[in-house]
Amino acid sequence: MIALGKEIDSPSNWPYLATAPQALEASNYSAQAFRQVLEAGAEQIKQRFVEDDVIEDLIHDRALLVDIVLRAAWKRHVRAHAGDLALIAVGGYGRGELHPCSDIDIMVLLPKSDSADWQPDIEKFLTFLWDIGLEVGHSVRSIDDCQRESLADISVATTLFEARLLAGPEALFAGMRRALGPDRLWSSQSFFEAKVKEQTERHHRYFDTAYNLEPNVKASPGGLRDIQTIGWVAKRHFGTDTLDELVAHGFLTREELRKLKAGQSFLWKVRFGLHMLTDRREDRLLFDHQIKLAKLFGYEDASFTLAVEQLMQKYYRTVMDVSLLNEMLLQLFREAILTQHAPPEPINPRFQIRNDYLEVAHPDVFARNPSALLELFVVLQQNPQVLGVRAETIRLIGAHINLIDEEFRQNPRHHRLFIEILRAPVGVTHELRRMNLYGVLGRYIPAFGRVVGRMQYDLFHAYTVDAHTLFVVSNLRRLAIPKYNRELPNLSQIMQALPKQEVAYLAALFHDIAKGRGGDHSELGAVDAEAFCLEQGLGRYEARLVAWLVRNHLTLSITAQKKDISDPEIIHEFAKRVGDQSHLDYLYVLTVADVRGTNPKLWNTWKAKLFEEFYERTKRALRRGLEAPLDQEELIRETQAAARAQLIECEPARIDEVWSHWSEGYFLRYTPEEIAWHTALLAPRSEGDTEPLVAVRQLADHGGTAVLTFTDHRQHSFARTTAVLDQLGLNVVDARVISTKDGFSLDTYVVLEENGAIISDPARTQEIERGLWRNLQQPENSPLTVTRRAPRQVRMFSTPTQVNFSLDTRNNRTIVELIAGDRPGLLSDVGKVFKAEQVDIHGARIGTVGERAEDVFYVTDTAGRPLQDPACRSLHESLVKALDRHDTAKA
């Protein structure tokens, strides 16, 4: 057994542990008394937790309480075999660590004799434990069984290495310990390698980051399991019972031990709270648990930071400390257990390589030459064969981190070193992440240090601000490296042609740096970015370019997703804002890197094609010249000519007939490919045909699936169609509605599967067509219902409905911007309100930002005019009433 703090055999100050055995004895060990002892003890422990008792005491006292119950039950049922059989606690219980709902794992150790006399008593013992409400995981093994199963499975071996004798002959227990010793199985070397491999695989399951929105406090990187891994390796090699002993061995300093203990205490407290709140073994820090724990721990909302965000920042900073200590200690263990020491290989007077790891040439390098605190990362980039930094050097960095002060930050040599890190051909992301882990990045850029571990309580941002920022840099680096060209070929070509790629990296580092300060983080970050770049010696143009990118890092994404980019005026306005091709190129690569680094679920092929199309249209506008915007009539002629070229099997006169029903706006809002598709579908229809038309096709060039309905305009098919698509589990990302001159409505939707994938199965396509056809055949007033439930995470948030109106004078329509809680059936409910308010939809841009829907609708009244103020007020009231009523019912 190994522990960070109190050992299980240490005396407890909990009076209940003295009275519990007496209560059991007084009742003649009745089952009811056992249940009462467990229930009363659990209640006292929970109350002590609420009163903020020492967490280590609570966890060990719960184990001691279970010890009392198990020993008494063993005595009651196995008395006749007490001298032959051993009752042993294993795993976490063997360490003497039990949270309220932790697994209680025990083993009955058998002697070598084959006598089965004990079996009925053991069965009665286990049944009794179940009857009194004590759920245990149990095994019955001989010493030979233990040895054989430990050899076969490192997890079994680890569990048994933590065994603790509860009752029975000590000689039998000692025999098992000898049989499992490193001279018999799992030597220090093989055990170390197996546990490191196990940890690596576990980290992979959590995407190698501790910064997930809903981390696992036990298994995620930097969690309790990482601390346990240190303990397991230390016990196997050094025979230590507590990590305090590693200080004596020279593997830990007192300060590092303090950090490790503080980290474990906090993580224990969080895990204990999770078990108490859920009344089950829950190790996932889910959104709803985060809020309750923040309240339980006494956090309060501040001006710009929610209580839950404060709790999670403490969590993320804790696991960052644990991750660093885990890396450092495992490396020290590797050197002690595996490495044959070789003489160092000098690199320069300050650094050398020893056993494939970089280290300082002498312990006072940083004290004598503080610049080495940055130079170290440059040296790592220049020597990619190096596996990492030696633990002693990591320790020295931590000891000298305070040398990075204002004077350090103003030193021109340090400016050159930092820019050199950004300009290096390899290792940029890797070393920035290492700088963050070691605390150097947050000291050199203090504003960055303030966002380390900062989370945002929503479903949009999947990572903390610092983790997201470094993901953005990583995404930019992949675009810059030719071997990744196959991922995003066009963007890679643009990135690799940028004159100064470090400008993009600096913009990435600063784009979210002002989160949590209040105000517009883009504007505040731009000020920081420009000042920093000028300090680092960049030219005024580059500094202003970085600041411009930070200020506008959301502009391309918002415009593409919320505005009608088929409108030449929108393109012209954006082109004027960008100004030139260089600014557009930098902004495009930064935008894509940012979106891809915000949440893995946000990026999909449709979004990629949308951004690319917007980029290309803006590029053409810049090439044409800002003083000569594209003429609308010229664009219509070009579009019609390109569409005709694809309709070679259609009679020109029939094309003209179909097109005569459309206004000019139709040819501005659809591509030639889309117009050709529509025309081919409508050309065979006879005059007077009123049957609804439904069609589905893949949009290979747009990364989605197009769904088309052509119906009588009076049907208001938007609500019906979106209800069907929603019920089918499809995600609508774009909608356009346009009316013909003779009273029909062409509705086109771009949809993706719920996971962002393109629909590729023909059977799925047929399912969509049949579902829409059946629905459009229903009477106009038939009920529309969507029974699909919102995901658990979405249900945790309540988003008040916001509705804003603006006038699109150029297109003679009203723009309705809607923010509401995302859920199945939302678009259909919006469509019902529009129908009731006699509002016609002409288009929609559908966006989901985590738990929020942020949709834009282009509407008119039934006469085709923009909405007047009274109509806007009525529509606002109806939307809020309909959508917030659903949110209230959900709560």
# chains A, B, ... in the order shown; residues from 1 in each chain; ligands from 1
>>> select_by_dssp(residues="segment 288-447 of chain A", states="strand (DSSP E)", output="list in words")
Glu345, Pro346, Phe351, Gln352, Ile353, Arg354, Tyr357, Leu358, Glu359, Val360, Gly388 and Val389 of chain A
>>> select_by_dssp(residues="segment 520-575 of chain A", states="alpha helix (DSSP H)", output="ChimeraX atom specification")
/A:521-535,540-551,555-562,568-575
>>> closest_residue(among="A:Ile143, A:Cys101, A:Val156, A:Ala508", to="Ala171 of chain A", atoms="only C-alpha atoms")
A:Ile143
>>> residues_around(residues="segment 191-200 of chain A", least_positions_apart="5", cutoff="7 Å", atoms="only C-alpha atoms", output="MDAnalysis selection string")
chainID A and resid 186 229 233
>>> write_last_selection(atoms="N, CA and C atoms", output="PDB file, in the first residue's frame")
ATOM      1  N   TRP A 186       6.841  -9.503 -12.601  1.00  0.00           N
ATOM      2  CA  TRP A 186       6.794  -8.054 -12.782  1.00  0.00           C
ATOM      3  C   TRP A 186       7.943  -7.354 -12.046  1.00  0.00           C
ATOM      4  N   THR A 229      -0.318   6.193 -10.360  1.00  0.00           N
ATOM      5  CA  THR A 229       0.741   5.574 -11.166  1.00  0.00           C
ATOM      6  C   THR A 229       2.112   5.866 -10.566  1.00  0.00           C
ATOM      7  N   VAL A 233       4.608   2.765  -9.099  1.00  0.00           N
ATOM      8  CA  VAL A 233       5.989   2.550  -9.556  1.00  0.00           C
ATOM      9  C   VAL A 233       6.957   2.710  -8.395  1.00  0.00           C
TER      10      VAL A 233
END
>>> atom_distance(atom1="atom CA of Phe207 of chain A", atom2="atom CA of Gly223 of chain A")
13.9 Å
>>> atom_distance(atom1="atom CA of Val856 of chain A", atom2="atom CA of Ala507 of chain A")
29.0 Å
>>> closest_atom_pairs(of="segment 98-216 of chain A", to="segment 444-456 of chain A", cutoff="10 Å", atoms="only C-alpha atoms", output="Markdown table")
| residue | atom | partner | partner_atom | distance |
| --- | --- | --- | --- | --- |
| A:Ala210 | CA | A:Gly453 | CA | 9.9 |
| A:Tyr211 | CA | A:Gly453 | CA | 7.8 |
| A:Asn212 | CA | A:Met455 | CA | 9.6 |
| A:Leu213 | CA | A:Met455 | CA | 8.0 |
>>> write_last_selection(atoms="C-alpha atoms", output="PDB file, in the first residue's frame")
ATOM      1  CA  ALA A 210      -6.826  17.233 -19.368  1.00  0.00           C
ATOM      2  CA  TYR A 211      -8.898  20.138 -20.672  1.00  0.00           C
ATOM      3  CA  ASN A 212     -12.083  18.443 -21.830  1.00  0.00           C
ATOM      4  CA  LEU A 213     -15.370  20.131 -20.962  1.00  0.00           C
TER       5      LEU A 213
END
>>> residues_around(residues="Gly518 of chain A", least_positions_apart="2", cutoff="10 Å", atoms="only C-alpha atoms", output="list in words")
Ser303, Phe304, Thr305, Ala514, Lys515, Gly516, Asp520, His521 and Leu524 of chain A
>>> write_last_selection(atoms="N, CA, C and O atoms", output="mmCIF file, in the first residue's frame")
data_model
loop_
_atom_site.group_PDB
_atom_site.id
_atom_site.type_symbol
_atom_site.label_atom_id
_atom_site.label_comp_id
_atom_site.auth_asym_id
_atom_site.auth_seq_id
_atom_site.Cartn_x
_atom_site.Cartn_y
_atom_site.Cartn_z
ATOM 1 N N SER A 303 -17.847 39.451 -11.164
ATOM 2 C CA SER A 303 -18.283 40.363 -12.231
ATOM 3 C C SER A 303 -18.185 39.720 -13.608
ATOM 4 O O SER A 303 -19.100 39.810 -14.417
ATOM 5 N N PHE A 304 -17.053 39.078 -13.901
ATOM 6 C CA PHE A 304 -16.846 38.525 -15.239
ATOM 7 C C PHE A 304 -16.574 37.027 -15.219
ATOM 8 O O PHE A 304 -16.198 36.457 -16.231
ATOM 9 N N THR A 305 -16.735 36.402 -14.064
ATOM 10 C CA THR A 305 -16.428 34.976 -13.959
ATOM 11 C C THR A 305 -17.490 34.279 -13.124
ATOM 12 O O THR A 305 -17.727 34.643 -11.978
ATOM 13 N N ALA A 514 -7.941 38.060 -23.980
ATOM 14 C CA ALA A 514 -8.664 38.984 -23.090
ATOM 15 C C ALA A 514 -9.981 38.389 -22.590
ATOM 16 O O ALA A 514 -10.809 39.116 -22.027
ATOM 17 N N LYS A 515 -10.178 37.077 -22.764
ATOM 18 C CA LYS A 515 -11.406 36.452 -22.253
ATOM 19 C C LYS A 515 -11.474 36.602 -20.728
ATOM 20 O O LYS A 515 -10.477 36.441 -20.039
ATOM 21 N N GLY A 516 -12.661 36.929 -20.250
ATOM 22 C CA GLY A 516 -12.875 37.003 -18.810
ATOM 23 C C GLY A 516 -12.611 38.364 -18.203
ATOM 24 O O GLY A 516 -12.740 38.531 -16.994
ATOM 25 N N ASP A 520 -15.292 43.731 -24.903
ATOM 26 C CA ASP A 520 -15.069 42.973 -26.139
ATOM 27 C C ASP A 520 -13.665 42.388 -26.114
ATOM 28 O O ASP A 520 -12.681 43.118 -26.210
ATOM 29 N N HIS A 521 -13.562 41.062 -25.982
ATOM 30 C CA HIS A 521 -12.232 40.459 -25.865
ATOM 31 C C HIS A 521 -11.415 40.646 -27.135
ATOM 32 O O HIS A 521 -10.183 40.663 -27.085
ATOM 33 N N LEU A 524 -9.951 44.291 -26.768
ATOM 34 C CA LEU A 524 -8.947 44.334 -25.697
ATOM 35 C C LEU A 524 -7.716 43.526 -26.079
ATOM 36 O O LEU A 524 -6.574 43.942 -25.831
#
>>> closest_residue(among="A:Leu488, A:Leu260, A:Leu545, A:Ile88", to="Ala504 of chain A", atoms="only C-alpha atoms")
A:Leu545
>>> residues_around(residues="Leu24 of chain A", least_positions_apart="4", cutoff="10 Å", atoms="only C-alpha atoms", output="PyMOL selection string")
chain A and resi 19-20+28-37+68-69+72-73
>>> write_last_selection(atoms="N, CA and C atoms", output="mmCIF file, in the first residue's frame")
data_model
loop_
_atom_site.group_PDB
_atom_site.id
_atom_site.type_symbol
_atom_site.label_atom_id
_atom_site.label_comp_id
_atom_site.auth_asym_id
_atom_site.auth_seq_id
_atom_site.Cartn_x
_atom_site.Cartn_y
_atom_site.Cartn_z
ATOM 1 N N THR A 19 -17.205 3.508 18.788
ATOM 2 C CA THR A 19 -18.524 3.041 19.251
ATOM 3 C C THR A 19 -19.152 2.024 18.310
ATOM 4 N N ALA A 20 -18.766 2.019 17.049
ATOM 5 C CA ALA A 20 -19.385 1.111 16.073
ATOM 6 C C ALA A 20 -19.197 -0.364 16.447
ATOM 7 N N ASN A 28 -25.524 -8.494 19.183
ATOM 8 C CA ASN A 28 -25.187 -9.875 18.827
ATOM 9 C C ASN A 28 -25.004 -10.006 17.306
ATOM 10 N N TYR A 29 -24.463 -8.933 16.733
ATOM 11 C CA TYR A 29 -24.092 -8.916 15.309
ATOM 12 C C TYR A 29 -25.292 -9.199 14.393
ATOM 13 N N SER A 30 -26.415 -8.520 14.695
ATOM 14 C CA SER A 30 -27.608 -8.675 13.852
ATOM 15 C C SER A 30 -27.428 -7.906 12.545
ATOM 16 N N ALA A 31 -28.106 -8.359 11.530
ATOM 17 C CA ALA A 31 -28.015 -7.690 10.228
ATOM 18 C C ALA A 31 -28.498 -6.245 10.333
ATOM 19 N N GLN A 32 -29.570 -6.023 11.112
ATOM 20 C CA GLN A 32 -30.093 -4.672 11.268
ATOM 21 C C GLN A 32 -29.050 -3.747 11.883
ATOM 22 N N ALA A 33 -28.303 -4.244 12.844
ATOM 23 C CA ALA A 33 -27.265 -3.424 13.478
ATOM 24 C C ALA A 33 -26.169 -3.069 12.474
ATOM 25 N N PHE A 34 -25.783 -4.021 11.648
ATOM 26 C CA PHE A 34 -24.777 -3.738 10.615
ATOM 27 C C PHE A 34 -25.263 -2.623 9.678
ATOM 28 N N ARG A 35 -26.523 -2.739 9.246
ATOM 29 C CA ARG A 35 -27.066 -1.710 8.351
ATOM 30 C C ARG A 35 -27.075 -0.347 9.030
ATOM 31 N N GLN A 36 -27.461 -0.318 10.290
ATOM 32 C CA GLN A 36 -27.517 0.952 11.013
ATOM 33 C C GLN A 36 -26.128 1.562 11.186
ATOM 34 N N VAL A 37 -25.149 0.718 11.480
ATOM 35 C CA VAL A 37 -23.777 1.213 11.639
ATOM 36 C C VAL A 37 -23.278 1.833 10.335
ATOM 37 N N ILE A 68 -14.140 -2.297 10.006
ATOM 38 C CA ILE A 68 -14.843 -2.768 11.208
ATOM 39 C C ILE A 68 -15.990 -3.696 10.835
ATOM 40 N N VAL A 69 -16.771 -3.270 9.827
ATOM 41 C CA VAL A 69 -17.932 -4.060 9.419
ATOM 42 C C VAL A 69 -17.497 -5.401 8.831
ATOM 43 N N ALA A 72 -16.103 -7.790 11.495
ATOM 44 C CA ALA A 72 -17.166 -8.327 12.347
ATOM 45 C C ALA A 72 -17.989 -9.375 11.595
ATOM 46 N N ALA A 73 -18.284 -9.095 10.326
ATOM 47 C CA ALA A 73 -19.049 -10.050 9.521
ATOM 48 C C ALA A 73 -18.232 -11.316 9.279
#
>>> closest_atom_pairs(of="segment 450-534 of chain A", to="segment 569-586 of chain A", cutoff="8 Å", atoms="only C-alpha atoms", output="CSV")
residue,atom,partner,partner_atom,distance
A:Ile494,CA,A:Asp585,CA,6.6
A:Met495,CA,A:Asp585,CA,7.7
A:Leu498,CA,A:Tyr586,CA,7.5
A:Ala504,CA,A:Tyr586,CA,6.5
>>> write_last_selection(atoms="C-alpha atoms", output="short mmCIF file (atom, residue, chain, number, x, y, z; two decimals), in the first residue's frame")
data_model
loop_
_atom_site.label_atom_id
_atom_site.label_comp_id
_atom_site.auth_asym_id
_atom_site.auth_seq_id
_atom_site.Cartn_x
_atom_site.Cartn_y
_atom_site.Cartn_z
CA ILE A 494 -2.31 29.74 -48.74
CA MET A 495 -0.57 29.28 -45.38
CA LEU A 498 2.25 33.75 -46.34
CA ALA A 504 -0.51 34.12 -37.83
#
>>> residues_around(residues="Gln382 of chain A", least_positions_apart="6", cutoff="10 Å", atoms="only C-alpha atoms", output="short mmCIF file (atom, residue, chain, number, x, y, z; two decimals) with C-alpha atoms, in the first residue's frame")
data_model
loop_
_atom_site.label_atom_id
_atom_site.label_comp_id
_atom_site.auth_asym_id
_atom_site.auth_seq_id
_atom_site.Cartn_x
_atom_site.Cartn_y
_atom_site.Cartn_z
CA LEU A 376 16.14 25.94 -23.68
CA ILE A 421 10.79 29.95 -31.32
CA ALA A 424 11.54 27.65 -36.16
CA PRO A 425 10.97 25.12 -38.96
CA VAL A 426 9.94 22.41 -36.47
CA GLY A 427 8.62 22.14 -32.94
#
>>> closest_atom_pairs(of="segment 687-764 of chain A", to="segment 606-613 of chain A", cutoff="10 Å", atoms="only C-alpha atoms", output="tab-separated table")
residue	atom	partner	partner_atom	distance
A:Leu699	CA	A:Trp606	CA	9.1
A:Ala700	CA	A:Trp606	CA	9.6
A:Asp701	CA	A:Lys609	CA	7.1
A:His702	CA	A:Lys609	CA	5.1
A:Gly703	CA	A:Trp606	CA	4.1
A:Gly704	CA	A:Trp606	CA	5.4
A:Thr705	CA	A:Trp606	CA	9.1
A:Val733	CA	A:Trp606	CA	8.3
A:Asp734	CA	A:Trp606	CA	9.7
A:Val750	CA	A:Trp606	CA	8.6
A:Val751	CA	A:Trp606	CA	8.9
A:Leu752	CA	A:Trp606	CA	8.2
A:Gly756	CA	A:Trp606	CA	8.6
A:Ala757	CA	A:Trp606	CA	9.2
A:Ile758	CA	A:Trp606	CA	8.5
>>> write_last_selection(atoms="all heavy atoms", output="mmCIF file, in the first residue's frame")
data_model
loop_
_atom_site.group_PDB
_atom_site.id
_atom_site.type_symbol
_atom_site.label_atom_id
_atom_site.label_comp_id
_atom_site.auth_asym_id
_atom_site.auth_seq_id
_atom_site.Cartn_x
_atom_site.Cartn_y
_atom_site.Cartn_z
ATOM 1 N N LEU A 699 -24.365 17.219 -52.369
ATOM 2 C CA LEU A 699 -23.668 18.431 -52.814
ATOM 3 C C LEU A 699 -22.172 18.198 -52.658
ATOM 4 O O LEU A 699 -21.571 18.577 -51.651
ATOM 5 C CB LEU A 699 -24.116 19.640 -51.988
ATOM 6 C CG LEU A 699 -25.581 20.060 -52.135
ATOM 7 C CD1 LEU A 699 -25.902 21.180 -51.163
ATOM 8 C CD2 LEU A 699 -25.877 20.510 -53.562
ATOM 9 N N ALA A 700 -21.594 17.545 -53.627
ATOM 10 C CA ALA A 700 -20.183 17.175 -53.512
ATOM 11 C C ALA A 700 -19.302 18.395 -53.326
ATOM 12 O O ALA A 700 -18.297 18.355 -52.612
ATOM 13 C CB ALA A 700 -19.756 16.396 -54.751
ATOM 14 N N ASP A 701 -19.692 19.504 -53.957
ATOM 15 C CA ASP A 701 -18.858 20.711 -53.884
ATOM 16 C C ASP A 701 -19.176 21.578 -52.678
ATOM 17 O O ASP A 701 -18.522 22.582 -52.448
ATOM 18 C CB ASP A 701 -19.028 21.546 -55.165
ATOM 19 C CG ASP A 701 -18.512 20.818 -56.396
ATOM 20 O OD1 ASP A 701 -17.632 19.949 -56.225
ATOM 21 O OD2 ASP A 701 -19.000 21.102 -57.498
ATOM 22 N N HIS A 702 -20.208 21.207 -51.920
ATOM 23 C CA HIS A 702 -20.600 22.044 -50.787
ATOM 24 C C HIS A 702 -20.620 21.292 -49.466
ATOM 25 O O HIS A 702 -21.022 21.832 -48.443
ATOM 26 C CB HIS A 702 -21.972 22.669 -51.048
ATOM 27 C CG HIS A 702 -21.958 23.701 -52.133
ATOM 28 N ND1 HIS A 702 -21.968 23.365 -53.467
ATOM 29 C CD2 HIS A 702 -21.903 25.059 -52.080
ATOM 30 C CE1 HIS A 702 -21.941 24.470 -54.196
ATOM 31 N NE2 HIS A 702 -21.896 25.509 -53.391
ATOM 32 N N GLY A 703 -20.214 20.022 -49.483
ATOM 33 C CA GLY A 703 -20.043 19.293 -48.236
ATOM 34 C C GLY A 703 -21.317 19.019 -47.474
ATOM 35 O O GLY A 703 -21.310 19.001 -46.250
ATOM 36 N N GLY A 704 -22.436 18.828 -48.171
ATOM 37 C CA GLY A 704 -23.675 18.542 -47.486
ATOM 38 C C GLY A 704 -24.643 17.840 -48.416
ATOM 39 O O GLY A 704 -24.298 17.422 -49.520
ATOM 40 N N THR A 705 -25.877 17.718 -47.986
ATOM 41 C CA THR A 705 -26.929 17.103 -48.782
ATOM 42 C C THR A 705 -28.037 18.129 -48.968
ATOM 43 O O THR A 705 -28.480 18.753 -48.001
ATOM 44 C CB THR A 705 -27.483 15.851 -48.086
ATOM 45 O OG1 THR A 705 -26.419 14.914 -47.917
ATOM 46 C CG2 THR A 705 -28.594 15.215 -48.896
ATOM 47 N N VAL A 733 -28.388 23.173 -41.783
ATOM 48 C CA VAL A 733 -27.353 24.207 -41.668
ATOM 49 C C VAL A 733 -27.632 25.406 -42.565
ATOM 50 O O VAL A 733 -27.032 26.471 -42.396
ATOM 51 C CB VAL A 733 -25.956 23.629 -41.985
ATOM 52 C CG1 VAL A 733 -25.536 22.629 -40.914
ATOM 53 C CG2 VAL A 733 -25.905 22.974 -43.362
ATOM 54 N N ASP A 734 -28.533 25.237 -43.534
ATOM 55 C CA ASP A 734 -28.854 26.361 -44.416
ATOM 56 C C ASP A 734 -30.255 26.140 -44.968
ATOM 57 O O ASP A 734 -30.665 24.997 -45.213
ATOM 58 C CB ASP A 734 -27.842 26.446 -45.567
ATOM 59 C CG ASP A 734 -28.091 27.668 -46.444
ATOM 60 O OD1 ASP A 734 -27.993 28.791 -45.917
ATOM 61 O OD2 ASP A 734 -28.395 27.506 -47.645
ATOM 62 N N VAL A 750 -29.899 22.621 -46.731
ATOM 63 C CA VAL A 750 -28.665 21.834 -46.693
ATOM 64 C C VAL A 750 -28.626 21.155 -45.338
ATOM 65 O O VAL A 750 -28.736 21.820 -44.296
ATOM 66 C CB VAL A 750 -27.411 22.701 -46.897
ATOM 67 C CG1 VAL A 750 -26.144 21.838 -46.793
ATOM 68 C CG2 VAL A 750 -27.454 23.399 -48.247
ATOM 69 N N VAL A 751 -28.505 19.830 -45.351
ATOM 70 C CA VAL A 751 -28.564 19.077 -44.098
ATOM 71 C C VAL A 751 -27.336 18.178 -43.961
ATOM 72 O O VAL A 751 -26.702 17.791 -44.951
ATOM 73 C CB VAL A 751 -29.848 18.217 -44.006
ATOM 74 C CG1 VAL A 751 -31.076 19.093 -44.052
ATOM 75 C CG2 VAL A 751 -29.887 17.167 -45.107
ATOM 76 N N LEU A 752 -27.026 17.880 -42.722
ATOM 77 C CA LEU A 752 -25.981 16.923 -42.366
ATOM 78 C C LEU A 752 -26.544 15.964 -41.328
ATOM 79 O O LEU A 752 -27.547 16.272 -40.671
ATOM 80 C CB LEU A 752 -24.757 17.646 -41.778
ATOM 81 C CG LEU A 752 -24.019 18.646 -42.667
ATOM 82 C CD1 LEU A 752 -23.049 19.455 -41.819
ATOM 83 C CD2 LEU A 752 -23.277 17.948 -43.789
ATOM 84 N N GLY A 756 -22.464 15.553 -37.986
ATOM 85 C CA GLY A 756 -21.750 16.395 -38.940
ATOM 86 C C GLY A 756 -21.348 15.695 -40.219
ATOM 87 O O GLY A 756 -20.759 16.306 -41.101
ATOM 88 N N ALA A 757 -21.680 14.408 -40.348
ATOM 89 C CA ALA A 757 -21.285 13.644 -41.537
ATOM 90 C C ALA A 757 -22.246 13.905 -42.696
ATOM 91 O O ALA A 757 -23.413 14.261 -42.508
ATOM 92 C CB ALA A 757 -21.252 12.156 -41.214
ATOM 93 N N ILE A 758 -21.725 13.709 -43.904
ATOM 94 C CA ILE A 758 -22.547 13.805 -45.106
ATOM 95 C C ILE A 758 -23.408 12.546 -45.224
ATOM 96 O O ILE A 758 -22.985 11.456 -44.861
ATOM 97 C CB ILE A 758 -21.651 13.957 -46.349
ATOM 98 C CG1 ILE A 758 -20.851 15.266 -46.263
ATOM 99 C CG2 ILE A 758 -22.458 13.931 -47.630
ATOM 100 C CD1 ILE A 758 -19.839 15.423 -47.367
#
>>> residues_around(residues="Phe351 of chain A", least_positions_apart="2", cutoff="6 Å", atoms="only C-alpha atoms", output="list of chain:residue names")
A:Ile347, A:Asn348, A:Glu359, A:Val360, A:Ala361
>>> closest_residue(among="A:Ile55, A:Gly537, A:Val247, A:Ala372", to="Val270 of chain A", atoms="only C-alpha atoms")
A:Ile55
>>> decode(residues="segment 193-214 of chain A", atoms="C-alpha atoms", output="tab-separated table (two decimals), in the first residue's frame")
chain	number	residue	atom	x	y	z
A	193	GLU	CA	7.21	-0.11	-18.71
A	194	ALA	CA	3.77	-1.70	-18.40
A	195	LYS	CA	2.38	1.09	-16.19
A	196	VAL	CA	3.75	3.82	-18.47
A	197	LYS	CA	2.19	2.07	-21.47
A	198	GLU	CA	-1.08	1.76	-19.55
A	199	GLN	CA	-1.01	5.47	-18.72
A	200	THR	CA	-0.26	6.42	-22.32
A	201	GLU	CA	-3.20	4.35	-23.58
A	202	ARG	CA	-5.48	5.84	-20.94
A	203	HIS	CA	-4.46	9.37	-21.92
A	204	HIS	CA	-5.20	8.54	-25.56
A	205	ARG	CA	-8.76	7.63	-24.59
A	206	TYR	CA	-9.16	11.20	-23.33
A	207	PHE	CA	-7.53	12.71	-26.44
A	208	ASP	CA	-4.30	13.36	-24.53
A	209	THR	CA	-5.71	16.47	-22.90
A	210	ALA	CA	-6.83	17.23	-19.37
A	211	TYR	CA	-8.90	20.14	-20.67
A	212	ASN	CA	-12.08	18.44	-21.83
A	213	LEU	CA	-15.37	20.13	-20.96
A	214	GLU	CA	-16.50	17.25	-18.77
